[in-house]
Amino acid sequence: MCQLLGMNCNVPTDICFSFTGFQARGGATDVHSDGWGIAFFEGRGTRVFLEPKPSCTSPLAELVRQYPIHSKNVIAHIRKATQGVVGLENTHPFMRELWGRYWIFAHNGNLVDFAPTLDGSFVPVGVTDSERAFCWLLDQLRRRFGGTAPAADALFAAIHALTLEIAGHGEFNFLLSNGDWLFAHASTRLAYIVRQAPFAQAHLKDQDVTVDFNAVTRPDDRVAVIATQPLTDNEAWTVMPAGTLWWFAEGMPVRTLATRPGPEKKAI
């Protein structure tokens, strides 16, 4: 399976520290060596870096690790192929335009017998179940709301309903963002941490690297980091219950809904 990394902040922030640990999992400290990618939102634009090679030995990944791109929403992915050959066209995250905004999507899991009918508005370039799911999800959002983006609550409710349909086909952990918010579905496994004042030191699990966030942040900064597995070994990460969809905004979770039977959970 693959691994996911996301970041949602209240001010533009770089992801260099977290990506340092994540990069190592792409073939060095873990087996996800079939490609990697990362997308940064910058205002209405995006920077996307993709490569169908192990991130642990990639000069391009090393550039990203050392290049402090500041963004309020970031999505990264390291791939262990389940459907589709190893190739650039099958490398996450994927990007499409809807309602005049770029959308970024990355998936960890495996969808069985998922062959939805698409109307041609969003067409997969590769052959992964992940890209098909992304195209179908955007297709359904456009059908529901037409040419105008809905209010945030209505959008979250629609993504929840569509997630329920797709998740019936198998494991469907994903990260999705339009640059304003980040949505995360813990089908089986995701965790997050919110870093805010009072800040402390953090040490990576996969690299012997420590950062003192007191030295690199301001008192009002707030950053939420979401990952398949916690990236640090000296911080308290929150495991997201299996079968929950989360909405992150301004560096914190604002709402979560169950995607399995159970009560809705309110904002933290």
# chains A, B, ... in the order shown; residues from 1 in each chain; ligands from 1
call {"tool": "residues_around", "arguments": {"residues": "His203 in chain A", "least_positions_apart": "5", "cutoff": "12 Å", "atoms": "only C-alpha atoms", "output": "list in words"}}
result
Phe17, Ser18, Thr20, Gly21, Asp208, Val209, Thr210, Val211, Asp212, Phe213, Pro230, Leu231, Thr232, Asp233, Asn234, Glu235 and Ala236 of chain A
call {"tool": "write_last_selection", "arguments": {"atoms": "all heavy atoms", "output": "CSV table (one decimal), in the first residue's frame"}}
result
chain,number,residue,atom,x,y,z
A,17,PHE,N,10.5,19.8,7.2
A,17,PHE,CA,10.7,18.9,8.3
A,17,PHE,C,9.9,17.6,8.1
A,17,PHE,O,10.5,16.5,8.1
A,17,PHE,CB,10.4,19.5,9.6
A,17,PHE,CG,10.5,18.6,10.8
A,17,PHE,CD1,11.7,18.2,11.2
A,17,PHE,CD2,9.4,18.2,11.5
A,17,PHE,CE1,11.8,17.3,12.3
A,17,PHE,CE2,9.4,17.4,12.6
A,17,PHE,CZ,10.7,16.9,13.0
A,18,SER,N,8.6,17.7,7.9
A,18,SER,CA,7.8,16.5,7.7
A,18,SER,C,8.2,15.7,6.5
A,18,SER,O,8.3,14.5,6.5
A,18,SER,CB,6.3,16.9,7.7
A,18,SER,OG,5.9,17.4,8.9
A,20,THR,N,11.1,15.5,5.2
A,20,THR,CA,12.4,14.8,5.4
A,20,THR,C,12.1,13.4,5.9
A,20,THR,O,12.7,12.4,5.4
A,20,THR,CB,13.2,15.6,6.4
A,20,THR,OG1,13.5,16.8,5.8
A,20,THR,CG2,14.5,14.8,6.7
A,21,GLY,N,11.2,13.2,6.8
A,21,GLY,CA,10.9,11.9,7.3
A,21,GLY,C,10.1,11.1,6.3
A,21,GLY,O,10.3,9.9,6.1
A,208,ASP,N,17.3,10.9,11.9
A,208,ASP,CA,17.7,11.5,13.2
A,208,ASP,C,17.8,13.0,13.0
A,208,ASP,O,18.9,13.6,13.0
A,208,ASP,CB,19.1,11.0,13.6
A,208,ASP,CG,19.5,11.4,15.0
A,208,ASP,OD1,18.6,11.9,15.8
A,208,ASP,OD2,20.7,11.3,15.4
A,209,VAL,N,16.6,13.6,13.0
A,209,VAL,CA,16.5,15.1,12.7
A,209,VAL,C,15.5,15.6,13.8
A,209,VAL,O,14.4,15.1,14.0
A,209,VAL,CB,15.9,15.4,11.3
A,209,VAL,CG1,15.7,16.9,11.2
A,209,VAL,CG2,16.9,14.9,10.3
A,210,THR,N,15.9,16.7,14.4
A,210,THR,CA,15.1,17.4,15.4
A,210,THR,C,14.9,18.8,15.0
A,210,THR,O,15.9,19.5,14.5
A,210,THR,CB,15.7,17.3,16.8
A,210,THR,OG1,15.9,15.9,17.2
A,210,THR,CG2,14.9,18.0,17.9
A,211,VAL,N,13.7,19.4,15.3
A,211,VAL,CA,13.5,20.8,15.0
A,211,VAL,C,12.9,21.4,16.3
A,211,VAL,O,12.1,20.8,17.0
A,211,VAL,CB,12.6,21.0,13.8
A,211,VAL,CG1,11.2,20.5,14.0
A,211,VAL,CG2,12.5,22.5,13.4
A,212,ASP,N,13.3,22.6,16.6
A,212,ASP,CA,12.7,23.4,17.7
A,212,ASP,C,11.7,24.4,17.1
A,212,ASP,O,12.1,25.4,16.5
A,212,ASP,CB,13.8,24.1,18.5
A,212,ASP,CG,13.2,24.9,19.7
A,212,ASP,OD1,12.0,24.8,19.9
A,212,ASP,OD2,14.0,25.5,20.4
A,213,PHE,N,10.4,24.0,17.2
A,213,PHE,CA,9.4,24.9,16.5
A,213,PHE,C,9.3,26.3,17.2
A,213,PHE,O,8.8,27.2,16.6
A,213,PHE,CB,8.1,24.2,16.5
A,213,PHE,CG,8.0,23.1,15.5
A,213,PHE,CD1,7.9,21.8,15.9
A,213,PHE,CD2,8.0,23.4,14.2
A,213,PHE,CE1,7.8,20.7,15.0
A,213,PHE,CE2,7.9,22.3,13.2
A,213,PHE,CZ,7.8,21.0,13.6
A,230,PRO,N,2.3,8.2,12.1
A,230,PRO,CA,3.0,9.4,12.7
A,230,PRO,C,4.5,9.5,12.3
A,230,PRO,O,5.2,8.5,12.1
A,230,PRO,CB,2.9,9.1,14.2
A,230,PRO,CG,1.6,8.3,14.3
A,230,PRO,CD,1.6,7.4,13.1
A,231,LEU,N,4.9,10.7,12.0
A,231,LEU,CA,6.2,11.0,11.5
A,231,LEU,C,7.2,11.2,12.6
A,231,LEU,O,8.4,11.1,12.4
A,231,LEU,CB,6.2,12.2,10.6
A,231,LEU,CG,5.5,12.0,9.3
A,231,LEU,CD1,5.2,13.4,8.6
A,231,LEU,CD2,6.2,11.1,8.3
A,232,THR,N,6.8,11.6,13.8
A,232,THR,CA,7.7,11.9,15.0
A,232,THR,C,7.5,10.9,16.1
A,232,THR,O,6.4,10.2,16.2
A,232,THR,CB,7.5,13.3,15.5
A,232,THR,OG1,6.1,13.5,15.9
A,232,THR,CG2,7.8,14.3,14.4
A,233,ASP,N,8.5,10.8,17.0
A,233,ASP,CA,8.4,9.8,18.0
A,233,ASP,C,8.4,10.4,19.4
A,233,ASP,O,8.4,9.7,20.4
A,233,ASP,CB,9.6,8.8,18.0
A,233,ASP,CG,11.0,9.5,17.9
A,233,ASP,OD1,11.0,10.7,18.3
A,233,ASP,OD2,11.9,8.8,17.5
A,234,ASN,N,8.2,11.7,19.5
A,234,ASN,CA,8.2,12.4,20.8
A,234,ASN,C,7.0,13.4,20.9
A,234,ASN,O,7.0,14.3,21.7
A,234,ASN,CB,9.5,13.2,21.1
A,234,ASN,CG,9.7,14.3,20.1
A,234,ASN,OD1,9.2,14.3,19.0
A,234,ASN,ND2,10.5,15.3,20.6
A,235,GLU,N,6.0,13.2,20.0
A,235,GLU,CA,4.8,14.0,20.0
A,235,GLU,C,3.6,13.1,20.1
A,235,GLU,O,3.6,11.9,19.7
A,235,GLU,CB,4.7,14.9,18.8
A,235,GLU,CG,5.8,15.9,18.6
A,235,GLU,CD,5.6,16.7,17.3
A,235,GLU,OE1,5.7,16.1,16.2
A,235,GLU,OE2,5.3,17.9,17.4
A,236,ALA,N,2.5,13.7,20.6
A,236,ALA,CA,1.2,12.9,20.8
A,236,ALA,C,0.4,13.1,19.5
A,236,ALA,O,-0.3,14.1,19.4
A,236,ALA,CB,0.5,13.4,22.0
call {"tool": "residues_around", "arguments": {"residues": "range 128-135 of chain A", "least_positions_apart": "6", "cutoff": "10 Å", "atoms": "only C-alpha atoms", "output": "count of residues only"}}
result
41
call {"tool": "residues_around", "arguments": {"residues": "His160 in chain A", "least_positions_apart": "4", "cutoff": "8 Å", "atoms": "only C-alpha atoms", "output": "VMD selection string"}}
result
chain A and resid 156 164 245 257 259
call {"tool": "closest_residue", "arguments": {"among": "A:Gln23, A:Gln3, A:Thr228, A:Asn73", "to": "Thr46 in chain A", "atoms": "only C-alpha atoms"}}
result
A:Asn73
call {"tool": "select_by_dssp", "arguments": {"residues": "range 17-170 of chain A", "states": "strand (DSSP E or B)", "output": "JSON, numbers by chain"}}
result
{"A": [26, 31, 36, 37, 38, 39, 40, 41, 42, 45, 46, 47, 48, 49, 50, 51, 71, 72, 73, 74, 75, 76, 77, 78, 94, 95, 96, 97, 98, 101, 102, 103, 104, 105, 106, 107, 108, 109, 110, 111, 170]}
call {"tool": "closest_residue", "arguments": {"among": "A:Gln196, A:Thr238, A:Ser55, A:Gln140", "to": "Val223 in chain A", "atoms": "only C-alpha atoms"}}
result
A:Gln196
call {"tool": "closest_residue", "arguments": {"among": "A:Arg218, A:Arg189, A:Arg44, A:Arg101", "to": "Thr148 in chain A", "atoms": "only C-alpha atoms"}}
result
A:Arg101
call {"tool": "closest_residue", "arguments": {"among": "A:Ala151, A:Leu137, A:Ala202, A:Ile75", "to": "Phe49 in chain A", "atoms": "only C-alpha atoms"}}
result
A:Ile75
call {"tool": "select_by_dssp", "arguments": {"residues": "range 121-189 of chain A", "states": "alpha helix (DSSP H)", "output": "mmCIF file with all heavy atoms, in the first residue's frame"}}
result
data_model
loop_
_atom_site.group_PDB
_atom_site.id
_atom_site.type_symbol
_atom_site.label_atom_id
_atom_site.label_comp_id
_atom_site.auth_asym_id
_atom_site.auth_seq_id
_atom_site.Cartn_x
_atom_site.Cartn_y
_atom_site.Cartn_z
ATOM 1 N N ASP A 129 -7.085 2.835 -9.903
ATOM 2 C CA ASP A 129 -8.383 3.011 -9.258
ATOM 3 C C ASP A 129 -8.474 4.376 -8.597
ATOM 4 O O ASP A 129 -9.554 4.973 -8.505
ATOM 5 C CB ASP A 129 -8.615 1.893 -8.233
ATOM 6 C CG ASP A 129 -7.473 1.757 -7.216
ATOM 7 O OD1 ASP A 129 -6.342 2.190 -7.513
ATOM 8 O OD2 ASP A 129 -7.710 1.205 -6.135
ATOM 9 N N SER A 130 -7.343 4.892 -8.152
ATOM 10 C CA SER A 130 -7.299 6.177 -7.462
ATOM 11 C C SER A 130 -7.746 7.318 -8.373
ATOM 12 O O SER A 130 -8.581 8.149 -7.996
ATOM 13 C CB SER A 130 -5.880 6.456 -6.959
ATOM 14 O OG SER A 130 -5.375 5.376 -6.211
ATOM 15 N N GLU A 131 -7.179 7.387 -9.554
ATOM 16 C CA GLU A 131 -7.531 8.468 -10.469
ATOM 17 C C GLU A 131 -8.971 8.346 -10.943
ATOM 18 O O GLU A 131 -9.670 9.356 -11.109
ATOM 19 C CB GLU A 131 -6.559 8.494 -11.657
ATOM 20 C CG GLU A 131 -6.684 9.765 -12.489
ATOM 21 C CD GLU A 131 -5.733 9.779 -13.674
ATOM 22 O OE1 GLU A 131 -5.202 8.711 -14.042
ATOM 23 O OE2 GLU A 131 -5.545 10.872 -14.249
ATOM 24 N N ARG A 132 -9.445 7.100 -11.139
ATOM 25 C CA ARG A 132 -10.857 6.919 -11.494
ATOM 26 C C ARG A 132 -11.757 7.448 -10.398
ATOM 27 O O ARG A 132 -12.771 8.110 -10.661
ATOM 28 C CB ARG A 132 -11.163 5.435 -11.730
ATOM 29 C CG ARG A 132 -10.644 4.875 -13.027
ATOM 30 C CD ARG A 132 -11.304 3.555 -13.399
ATOM 31 N NE ARG A 132 -11.167 2.540 -12.363
ATOM 32 C CZ ARG A 132 -10.123 1.734 -12.232
ATOM 33 N NH1 ARG A 132 -9.097 1.841 -13.064
ATOM 34 N NH2 ARG A 132 -10.081 0.827 -11.280
ATOM 35 N N ALA A 133 -11.415 7.165 -9.139
ATOM 36 C CA ALA A 133 -12.221 7.641 -8.020
ATOM 37 C C ALA A 133 -12.233 9.161 -7.975
ATOM 38 O O ALA A 133 -13.281 9.785 -7.734
ATOM 39 C CB ALA A 133 -11.691 7.066 -6.713
ATOM 40 N N PHE A 134 -11.090 9.783 -8.193
ATOM 41 C CA PHE A 134 -10.989 11.238 -8.185
ATOM 42 C C PHE A 134 -11.854 11.848 -9.289
ATOM 43 O O PHE A 134 -12.619 12.800 -9.054
ATOM 44 C CB PHE A 134 -9.524 11.627 -8.350
ATOM 45 C CG PHE A 134 -9.251 13.108 -8.311
ATOM 46 C CD1 PHE A 134 -9.952 13.962 -7.482
ATOM 47 C CD2 PHE A 134 -8.241 13.644 -9.118
ATOM 48 C CE1 PHE A 134 -9.672 15.332 -7.444
ATOM 49 C CE2 PHE A 134 -7.957 14.999 -9.079
ATOM 50 C CZ PHE A 134 -8.674 15.840 -8.256
ATOM 51 N N CYS A 135 -11.747 11.306 -10.495
ATOM 52 C CA CYS A 135 -12.538 11.829 -11.616
ATOM 53 C C CYS A 135 -14.033 11.667 -11.353
ATOM 54 O O CYS A 135 -14.826 12.583 -11.627
ATOM 55 C CB CYS A 135 -12.139 11.120 -12.910
ATOM 56 S SG CYS A 135 -10.498 11.587 -13.540
ATOM 57 N N TRP A 136 -14.429 10.514 -10.830
ATOM 58 C CA TRP A 136 -15.854 10.298 -10.540
ATOM 59 C C TRP A 136 -16.338 11.240 -9.446
ATOM 60 O O TRP A 136 -17.447 11.795 -9.539
ATOM 61 C CB TRP A 136 -16.091 8.849 -10.132
ATOM 62 C CG TRP A 136 -17.538 8.539 -9.890
ATOM 63 C CD1 TRP A 136 -18.483 8.257 -10.831
ATOM 64 C CD2 TRP A 136 -18.205 8.500 -8.618
ATOM 65 N NE1 TRP A 136 -19.703 8.044 -10.223
ATOM 66 C CE2 TRP A 136 -19.559 8.185 -8.877
ATOM 67 C CE3 TRP A 136 -17.794 8.683 -7.308
ATOM 68 C CZ2 TRP A 136 -20.504 8.065 -7.858
ATOM 69 C CZ3 TRP A 136 -18.724 8.572 -6.283
ATOM 70 C CH2 TRP A 136 -20.069 8.253 -6.559
ATOM 71 N N LEU A 137 -15.531 11.444 -8.424
ATOM 72 C CA LEU A 137 -15.919 12.327 -7.336
ATOM 73 C C LEU A 137 -16.148 13.756 -7.850
ATOM 74 O O LEU A 137 -17.168 14.392 -7.527
ATOM 75 C CB LEU A 137 -14.832 12.293 -6.260
ATOM 76 C CG LEU A 137 -15.150 12.914 -4.897
ATOM 77 C CD1 LEU A 137 -14.292 12.253 -3.827
ATOM 78 C CD2 LEU A 137 -14.915 14.406 -4.889
ATOM 79 N N LEU A 138 -15.236 14.260 -8.671
ATOM 80 C CA LEU A 138 -15.406 15.607 -9.214
ATOM 81 C C LEU A 138 -16.581 15.668 -10.183
ATOM 82 O O LEU A 138 -17.324 16.665 -10.213
ATOM 83 C CB LEU A 138 -14.127 16.058 -9.911
ATOM 84 C CG LEU A 138 -12.899 16.279 -9.024
ATOM 85 C CD1 LEU A 138 -11.757 16.852 -9.859
ATOM 86 C CD2 LEU A 138 -13.202 17.193 -7.846
ATOM 87 N N ASP A 139 -16.758 14.612 -10.961
ATOM 88 C CA ASP A 139 -17.902 14.534 -11.875
ATOM 89 C C ASP A 139 -19.213 14.652 -11.105
ATOM 90 O O ASP A 139 -20.123 15.409 -11.485
ATOM 91 C CB ASP A 139 -17.836 13.203 -12.633
ATOM 92 C CG ASP A 139 -18.965 13.041 -13.626
ATOM 93 O OD1 ASP A 139 -19.372 14.045 -14.237
ATOM 94 O OD2 ASP A 139 -19.450 11.904 -13.794
ATOM 95 N N GLN A 140 -19.318 13.936 -9.997
ATOM 96 C CA GLN A 140 -20.535 13.962 -9.193
ATOM 97 C C GLN A 140 -20.724 15.319 -8.505
ATOM 98 O O GLN A 140 -21.860 15.799 -8.378
ATOM 99 C CB GLN A 140 -20.492 12.842 -8.160
ATOM 100 C CG GLN A 140 -20.524 11.439 -8.750
ATOM 101 C CD GLN A 140 -21.772 11.204 -9.582
ATOM 102 O OE1 GLN A 140 -22.892 11.398 -9.118
ATOM 103 N NE2 GLN A 140 -21.582 10.794 -10.831
ATOM 104 N N LEU A 141 -19.651 15.938 -8.058
ATOM 105 C CA LEU A 141 -19.772 17.269 -7.461
ATOM 106 C C LEU A 141 -20.282 18.275 -8.481
ATOM 107 O O LEU A 141 -21.141 19.123 -8.170
ATOM 108 C CB LEU A 141 -18.425 17.720 -6.899
ATOM 109 C CG LEU A 141 -17.937 17.007 -5.633
ATOM 110 C CD1 LEU A 141 -16.539 17.513 -5.257
ATOM 111 C CD2 LEU A 141 -18.896 17.215 -4.456
ATOM 112 N N ARG A 142 -19.774 18.211 -9.701
ATOM 113 C CA ARG A 142 -20.229 19.133 -10.743
ATOM 114 C C ARG A 142 -21.696 18.887 -11.085
ATOM 115 O O ARG A 142 -22.467 19.827 -11.296
ATOM 116 C CB ARG A 142 -19.355 18.992 -11.993
ATOM 117 C CG ARG A 142 -19.635 20.050 -13.060
ATOM 118 C CD ARG A 142 -18.929 19.723 -14.358
ATOM 119 N NE ARG A 142 -19.318 18.414 -14.845
ATOM 120 C CZ ARG A 142 -20.461 18.160 -15.478
ATOM 121 N NH1 ARG A 142 -21.323 19.133 -15.688
ATOM 122 N NH2 ARG A 142 -20.742 16.948 -15.889
ATOM 123 N N ARG A 143 -22.107 17.612 -11.118
ATOM 124 C CA ARG A 143 -23.511 17.306 -11.397
ATOM 125 C C ARG A 143 -24.427 17.844 -10.299
ATOM 126 O O ARG A 143 -25.526 18.336 -10.575
ATOM 127 C CB ARG A 143 -23.703 15.793 -11.512
ATOM 128 C CG ARG A 143 -23.093 15.170 -12.751
ATOM 129 C CD ARG A 143 -23.536 13.731 -12.896
ATOM 130 N NE ARG A 143 -22.899 13.065 -14.014
ATOM 131 C CZ ARG A 143 -23.308 11.905 -14.518
ATOM 132 N NH1 ARG A 143 -24.353 11.301 -13.983
ATOM 133 N NH2 ARG A 143 -22.671 11.361 -15.531
ATOM 134 N N ARG A 144 -23.996 17.752 -9.048
ATOM 135 C CA ARG A 144 -24.830 18.197 -7.931
ATOM 136 C C ARG A 144 -24.963 19.707 -7.868
ATOM 137 O O ARG A 144 -26.024 20.231 -7.551
ATOM 138 C CB ARG A 144 -24.249 17.684 -6.603
ATOM 139 C CG ARG A 144 -24.404 16.194 -6.393
ATOM 140 C CD ARG A 144 -23.807 15.770 -5.063
ATOM 141 N NE ARG A 144 -23.896 14.330 -4.880
ATOM 142 C CZ ARG A 144 -24.319 13.735 -3.773
ATOM 143 N NH1 ARG A 144 -24.685 14.467 -2.740
ATOM 144 N NH2 ARG A 144 -24.366 12.423 -3.680
ATOM 145 N N PHE A 145 -23.858 20.401 -8.128
ATOM 146 C CA PHE A 145 -23.835 21.844 -7.874
ATOM 147 C C PHE A 145 -23.692 22.697 -9.126
ATOM 148 O O PHE A 145 -23.670 23.928 -9.032
ATOM 149 C CB PHE A 145 -22.701 22.167 -6.894
ATOM 150 C CG PHE A 145 -22.832 21.479 -5.566
ATOM 151 C CD1 PHE A 145 -21.932 20.479 -5.193
ATOM 152 C CD2 PHE A 145 -23.856 21.805 -4.691
ATOM 153 C CE1 PHE A 145 -22.044 19.840 -3.960
ATOM 154 C CE2 PHE A 145 -23.985 21.166 -3.469
ATOM 155 C CZ PHE A 145 -23.080 20.181 -3.099
ATOM 156 N N ALA A 152 -19.353 25.819 2.078
ATOM 157 C CA ALA A 152 -18.440 24.814 2.631
ATOM 158 C C ALA A 152 -19.190 23.649 3.271
ATOM 159 O O ALA A 152 -18.824 22.481 3.080
ATOM 160 C CB ALA A 152 -17.504 25.462 3.645
ATOM 161 N N ASP A 153 -20.240 23.913 4.037
ATOM 162 C CA ASP A 153 -20.987 22.840 4.697
ATOM 163 C C ASP A 153 -21.623 21.904 3.684
ATOM 164 O O ASP A 153 -21.624 20.675 3.863
ATOM 165 C CB ASP A 153 -22.062 23.425 5.612
ATOM 166 C CG ASP A 153 -21.486 24.013 6.889
ATOM 167 O OD1 ASP A 153 -20.350 23.648 7.256
ATOM 168 O OD2 ASP A 153 -22.171 24.845 7.513
ATOM 169 N N ALA A 154 -22.189 22.463 2.620
ATOM 170 C CA ALA A 154 -22.815 21.636 1.586
ATOM 171 C C ALA A 154 -21.766 20.805 0.852
ATOM 172 O O ALA A 154 -22.004 19.643 0.500
ATOM 173 C CB ALA A 154 -23.587 22.518 0.607
ATOM 174 N N LEU A 155 -20.597 21.391 0.622
ATOM 175 C CA LEU A 155 -19.519 20.655 -0.034
ATOM 176 C C LEU A 155 -19.073 19.478 0.820
ATOM 177 O O LEU A 155 -18.905 18.358 0.316
ATOM 178 C CB LEU A 155 -18.349 21.597 -0.299
ATOM 179 C CG LEU A 155 -17.101 20.953 -0.913
ATOM 180 C CD1 LEU A 155 -17.400 20.363 -2.275
ATOM 181 C CD2 LEU A 155 -15.965 21.975 -1.006
ATOM 182 N N PHE A 156 -18.887 19.704 2.105
ATOM 183 C CA PHE A 156 -18.451 18.633 2.988
ATOM 184 C C PHE A 156 -19.489 17.510 3.036
ATOM 185 O O PHE A 156 -19.138 16.324 3.008
ATOM 186 C CB PHE A 156 -18.191 19.173 4.384
ATOM 187 C CG PHE A 156 -17.624 18.164 5.346
ATOM 188 C CD1 PHE A 156 -16.410 17.550 5.101
ATOM 189 C CD2 PHE A 156 -18.324 17.814 6.503
ATOM 190 C CE1 PHE A 156 -15.889 16.609 5.986
ATOM 191 C CE2 PHE A 156 -17.810 16.889 7.391
ATOM 192 C CZ PHE A 156 -16.586 16.284 7.137
ATOM 193 N N ALA A 157 -20.774 17.882 3.087
ATOM 194 C CA ALA A 157 -21.833 16.871 3.102
ATOM 195 C C ALA A 157 -21.824 16.050 1.817
ATOM 196 O O ALA A 157 -22.022 14.822 1.845
ATOM 197 C CB ALA A 157 -23.191 17.547 3.291
ATOM 198 N N ALA A 158 -21.574 16.700 0.681
ATOM 199 C CA ALA A 158 -21.539 15.985 -0.587
ATOM 200 C C ALA A 158 -20.333 15.062 -0.673
ATOM 201 O O ALA A 158 -20.446 13.906 -1.127
ATOM 202 C CB ALA A 158 -21.524 16.985 -1.744
ATOM 203 N N ILE A 159 -19.169 15.540 -0.238
ATOM 204 C CA ILE A 159 -17.979 14.687 -0.244
ATOM 205 C C ILE A 159 -18.201 13.483 0.668
ATOM 206 O O ILE A 159 -17.792 12.357 0.344
ATOM 207 C CB ILE A 159 -16.746 15.493 0.191
ATOM 208 C CG1 ILE A 159 -16.404 16.540 -0.871
ATOM 209 C CG2 ILE A 159 -15.550 14.579 0.437
ATOM 210 C CD1 ILE A 159 -15.299 17.502 -0.470
ATOM 211 N N HIS A 160 -18.873 13.694 1.782
ATOM 212 C CA HIS A 160 -19.186 12.589 2.689
ATOM 213 C C HIS A 160 -20.058 11.543 1.999
ATOM 214 O O HIS A 160 -19.778 10.336 2.064
ATOM 215 C CB HIS A 160 -19.886 13.134 3.935
ATOM 216 C CG HIS A 160 -20.349 12.074 4.880
ATOM 217 N ND1 HIS A 160 -21.680 11.758 5.070
ATOM 218 C CD2 HIS A 160 -19.654 11.232 5.687
ATOM 219 C CE1 HIS A 160 -21.781 10.783 5.947
ATOM 220 N NE2 HIS A 160 -20.581 10.437 6.338
ATOM 221 N N ALA A 161 -21.115 11.983 1.324
ATOM 222 C CA ALA A 161 -22.020 11.046 0.646
ATOM 223 C C ALA A 161 -21.288 10.274 -0.443
ATOM 224 O O ALA A 161 -21.486 9.052 -0.605
ATOM 225 C CB ALA A 161 -23.212 11.802 0.069
ATOM 226 N N LEU A 162 -20.441 10.942 -1.193
ATOM 227 C CA LEU A 162 -19.709 10.273 -2.269
ATOM 228 C C LEU A 162 -18.655 9.325 -1.718
ATOM 229 O O LEU A 162 -18.409 8.251 -2.289
ATOM 230 C CB LEU A 162 -19.070 11.326 -3.179
ATOM 231 C CG LEU A 162 -20.063 12.244 -3.903
ATOM 232 C CD1 LEU A 162 -19.338 13.375 -4.603
ATOM 233 C CD2 LEU A 162 -20.913 11.451 -4.884
ATOM 234 N N THR A 163 -18.040 9.706 -0.610
ATOM 235 C CA THR A 163 -17.069 8.824 0.035
ATOM 236 C C THR A 163 -17.730 7.527 0.472
ATOM 237 O O THR A 163 -17.156 6.434 0.332
ATOM 238 C CB THR A 163 -16.426 9.528 1.243
ATOM 239 O OG1 THR A 163 -15.728 10.689 0.796
ATOM 240 C CG2 THR A 163 -15.458 8.608 1.974
ATOM 241 N N LEU A 164 -18.947 7.613 0.999
ATOM 242 C CA LEU A 164 -19.675 6.411 1.392
ATOM 243 C C LEU A 164 -19.850 5.456 0.212
ATOM 244 O O LEU A 164 -19.707 4.233 0.361
ATOM 245 C CB LEU A 164 -21.047 6.790 1.958
ATOM 246 C CG LEU A 164 -21.078 7.451 3.332
ATOM 247 C CD1 LEU A 164 -22.487 7.941 3.651
ATOM 248 C CD2 LEU A 164 -20.597 6.498 4.410
ATOM 249 N N GLU A 165 -20.141 6.006 -0.967
ATOM 250 C CA GLU A 165 -20.344 5.153 -2.148
ATOM 251 C C GLU A 165 -19.048 4.488 -2.580
ATOM 252 O O GLU A 165 -19.011 3.286 -2.863
ATOM 253 C CB GLU A 165 -20.926 5.984 -3.285
ATOM 254 C CG GLU A 165 -22.340 6.495 -3.031
ATOM 255 C CD GLU A 165 -22.977 7.059 -4.287
ATOM 256 O OE1 GLU A 165 -22.890 6.396 -5.343
ATOM 257 O OE2 GLU A 165 -23.550 8.161 -4.204
ATOM 258 N N ILE A 166 -17.976 5.268 -2.638
ATOM 259 C CA ILE A 166 -16.705 4.707 -3.114
ATOM 260 C C ILE A 166 -16.138 3.717 -2.108
ATOM 261 O O ILE A 166 -15.605 2.663 -2.475
ATOM 262 C CB ILE A 166 -15.687 5.826 -3.386
ATOM 263 C CG1 ILE A 166 -16.220 6.791 -4.441
ATOM 264 C CG2 ILE A 166 -14.352 5.233 -3.841
ATOM 265 C CD1 ILE A 166 -15.334 8.002 -4.678
ATOM 266 N N ALA A 167 -16.258 4.029 -0.819
ATOM 267 C CA ALA A 167 -15.660 3.189 0.217
ATOM 268 C C ALA A 167 -16.268 1.796 0.264
ATOM 269 O O ALA A 167 -15.662 0.863 0.810
ATOM 270 C CB ALA A 167 -15.793 3.861 1.584
#
call {"tool": "residues_around", "arguments": {"residues": "Lys53 in chain A", "least_positions_apart": "6", "cutoff": "7 Å", "atoms": "only C-alpha atoms", "output": "ChimeraX atom specification"}}
result
/A:33-36
call {"tool": "atom_distance", "arguments": {"atom1": "CA of His169 in chain A", "atom2": "CA of Ala186 in chain A"}}
result
14.6 Å
